[in-house]
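Chemist: Let me give you the structure first, and then I'll get to my questions.
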Amino acid sequence: MTSIADIEIPADGTGTGELFEAVPSLTCEMERVIASSGHGLWLSGPSQSEIEAALDETDSIGAYSQISSDEDRWLYDIQFEPDTVDPFEIVLEEGGTVLSASASNGKWLLSVRVVDRDSVSSLYDRLDDNDATPTIVRLFDLAEETHSQCGLTTRQYETLVAAIDHGYFEIPREVSMQELSEELGISHQALSERLRRAYRALVTSELNVTEEETAAPQIPSN
């Protein structure tokens, strides 16, 4: 049964440790898809010149190049030197998928999907063996009960997972709604309606509101 693990890892146990020592106010966010052999990381906090000076001085980083920018953050393709502890690669080698990863205050938080709980144990041991000092913050199984508790039907859940996997929620989007509908074998209209119902189910579940509370208010007439 597929499991999701949220794992916290101190940056000083990874290839970004020196980077956070140089610029403690740095925040990082992994770009889910990037067409390169490195890692796409959005960096923000200090100025760009401070960030690049720290990148230049970090021994564990072999090469980097700017890919994009967005207001006060910058997307870099970063390649680590061989023998550097790379938690992203370790997850992949253990058969997992990094759903999201972000770091601030010198700590990484990775949300990882694996095939079962035994795989979580193997991943934990592998990270620990590499002195990454992992901590399992949250662990749950993607059983049918999980998404039904959020008010999602099986189809809505599967559609949201497909949308995430294909980059529909990325900025900018990596797939259009038309392309995603074709991938799922449904019409554009059916996909749009299914996503809207799924959004509503998730929002009402997370906000813990009732159907009556979500009903549109009556606009008084003059």
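Each chain in the structure tokens gets a letter, A, B and so on, in the order shown; residues start at 1 in every chain, and ligands are counted from 1 in the order they appear.
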Pick out the residues sitting within 9 Å of Thr133 (chain A), and hand them over as a PyMOL selection string; count only C-alpha atoms, and ignore anything fewer than 2 positions along from it in its own chain.
Modeler: chain A and resi 8-10+13+124+127-131+135
Chemist: Deliver the residues from the most recent selection as a file, using N, CA, C and O atoms, as an mmCIF file, in the first residue's frame.
Modeler:
data_model
loop_
_atom_site.group_PDB
_atom_site.id
_atom_site.type_symbol
_atom_site.label_atom_id
_atom_site.label_comp_id
_atom_site.auth_asym_id
_atom_site.auth_seq_id
_atom_site.Cartn_x
_atom_site.Cartn_y
_atom_site.Cartn_z
ATOM 1 N N GLU A 8 12.095 15.228 7.971
ATOM 2 C CA GLU A 8 12.893 16.425 8.251
ATOM 3 C C GLU A 8 14.365 16.038 8.315
ATOM 4 O O GLU A 8 14.729 15.052 8.952
ATOM 5 N N ILE A 9 15.199 16.823 7.633
ATOM 6 C CA ILE A 9 16.630 16.548 7.569
ATOM 7 C C ILE A 9 17.388 17.851 7.795
ATOM 8 O O ILE A 9 17.156 18.833 7.082
ATOM 9 N N PRO A 10 18.300 17.909 8.768
ATOM 10 C CA PRO A 10 19.116 19.113 8.946
ATOM 11 C C PRO A 10 19.963 19.373 7.695
ATOM 12 O O PRO A 10 20.539 18.444 7.122
ATOM 13 N N GLY A 13 23.598 18.121 7.188
ATOM 14 C CA GLY A 13 23.891 16.740 6.827
ATOM 15 C C GLY A 13 23.764 16.482 5.343
ATOM 16 O O GLY A 13 23.816 15.341 4.895
ATOM 17 N N TYR A 124 14.722 5.470 5.533
ATOM 18 C CA TYR A 124 15.217 6.058 6.785
ATOM 19 C C TYR A 124 16.613 5.537 7.110
ATOM 20 O O TYR A 124 17.519 6.308 7.431
ATOM 21 N N LEU A 127 19.262 7.010 4.736
ATOM 22 C CA LEU A 127 19.587 8.395 5.079
ATOM 23 C C LEU A 127 20.427 8.450 6.351
ATOM 24 O O LEU A 127 21.399 9.203 6.444
ATOM 25 N N ASP A 128 20.045 7.641 7.335
ATOM 26 C CA ASP A 128 20.764 7.619 8.597
ATOM 27 C C ASP A 128 22.192 7.111 8.408
ATOM 28 O O ASP A 128 23.139 7.631 9.011
ATOM 29 N N ASP A 129 22.358 6.106 7.555
ATOM 30 C CA ASP A 129 23.693 5.574 7.271
ATOM 31 C C ASP A 129 24.593 6.624 6.621
ATOM 32 O O ASP A 129 25.824 6.548 6.732
ATOM 33 N N ASN A 130 23.969 7.595 5.942
ATOM 34 C CA ASN A 130 24.731 8.664 5.302
ATOM 35 C C ASN A 130 24.832 9.913 6.186
ATOM 36 O O ASN A 130 25.150 11.002 5.700
ATOM 37 N N ASP A 131 24.532 9.732 7.477
ATOM 38 C CA ASP A 131 24.645 10.819 8.462
ATOM 39 C C ASP A 131 23.755 12.010 8.146
ATOM 40 O O ASP A 131 24.087 13.156 8.462
ATOM 41 N N THR A 135 14.348 12.637 10.511
ATOM 42 C CA THR A 135 13.268 12.511 11.496
ATOM 43 C C THR A 135 11.959 12.355 10.737
ATOM 44 O O THR A 135 11.640 13.195 9.880
#
Chemist: Identify all residues of region 32-158 of chain A in alpha helix (DSSP H) (DSSP on the backbone) and supply them as an NGL selection string.
Modeler: :A and (48-57 or 87-93 or 117-129 or 144-149 or 154-158)
Chemist: So that I can see what lies close to region 68-74 of chain A, please list as a PDB file with N, CA and C atoms, in the first residue's frame the residues with an atom at most 9 Å from it, counting only C-alpha atoms and leaving out residues fewer than 5 positions away in the same chain.
Modeler:
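File written: part29.pdb
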ATOM      1  N   LEU A  41      16.319  24.335  -7.755  1.00  0.00           N
ATOM      2  CA  LEU A  41      16.018  24.878  -6.439  1.00  0.00           C
ATOM      3  C   LEU A  41      15.710  26.365  -6.541  1.00  0.00           C
ATOM      4  N   TRP A  42      14.555  26.752  -6.004  1.00  0.00           N
ATOM      5  CA  TRP A  42      14.219  28.171  -5.887  1.00  0.00           C
ATOM      6  C   TRP A  42      14.887  28.683  -4.621  1.00  0.00           C
ATOM      7  N   LEU A  43      15.724  29.703  -4.743  1.00  0.00           N
ATOM      8  CA  LEU A  43      16.440  30.274  -3.615  1.00  0.00           C
ATOM      9  C   LEU A  43      15.959  31.696  -3.361  1.00  0.00           C
ATOM     10  N   SER A  44      15.757  32.021  -2.102  1.00  0.00           N
ATOM     11  CA  SER A  44      15.289  33.364  -1.752  1.00  0.00           C
ATOM     12  C   SER A  44      15.756  33.704  -0.342  1.00  0.00           C
ATOM     13  N   GLY A  45      15.465  34.924   0.076  1.00  0.00           N
ATOM     14  CA  GLY A  45      15.872  35.401   1.394  1.00  0.00           C
ATOM     15  C   GLY A  45      16.899  36.499   1.260  1.00  0.00           C
ATOM     16  N   SER A  47      19.952  38.695  -0.857  1.00  0.00           N
ATOM     17  CA  SER A  47      19.983  39.223  -2.214  1.00  0.00           C
ATOM     18  C   SER A  47      20.579  38.183  -3.147  1.00  0.00           C
ATOM     19  N   GLN A  48      20.341  38.350  -4.437  1.00  0.00           N
ATOM     20  CA  GLN A  48      20.870  37.391  -5.399  1.00  0.00           C
ATOM     21  C   GLN A  48      22.394  37.383  -5.382  1.00  0.00           C
TER      22      GLN A  48
END
Chemist: In Å to one decimal, how far is CA of Ala201 (chain A) from CA of Glu31 (chain A)?
Modeler: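 Here the two named atoms are 26.9 Å from each other.
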Chemist: I'd like to know which of A:Met30, A:Val85, A:Ile136, A:Ala53 is closest to Asp12 (chain A), using only C-alpha atoms.
Modeler: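 Result for the nearest residue to Asp12 (chain A): A:Val85.
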Chemist: So which one's closest to Leu109 (chain A), A:Gln66, A:Thr58, A:Thr27, A:Gln79? Using only C-alpha atoms, please.
Modeler: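 Nearest candidate to Leu109 (chain A) out of A:Gln66, A:Thr58, A:Thr27, A:Gln79: A:Thr27.
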Chemist: Give me, as JSON, numbers by chain, the residues of region 54-185 of chain A that a backbone DSSP run labels strand (DSSP E or B).
Modeler: {"A": [61, 62, 63, 64, 65, 66, 67, 68, 69, 70, 73, 74, 75, 76, 77, 78, 79, 80, 97, 98, 99, 100, 101, 102, 103, 104, 107, 108, 109, 110, 111, 112, 113, 114, 135, 136, 137, 138, 139, 140, 141]}
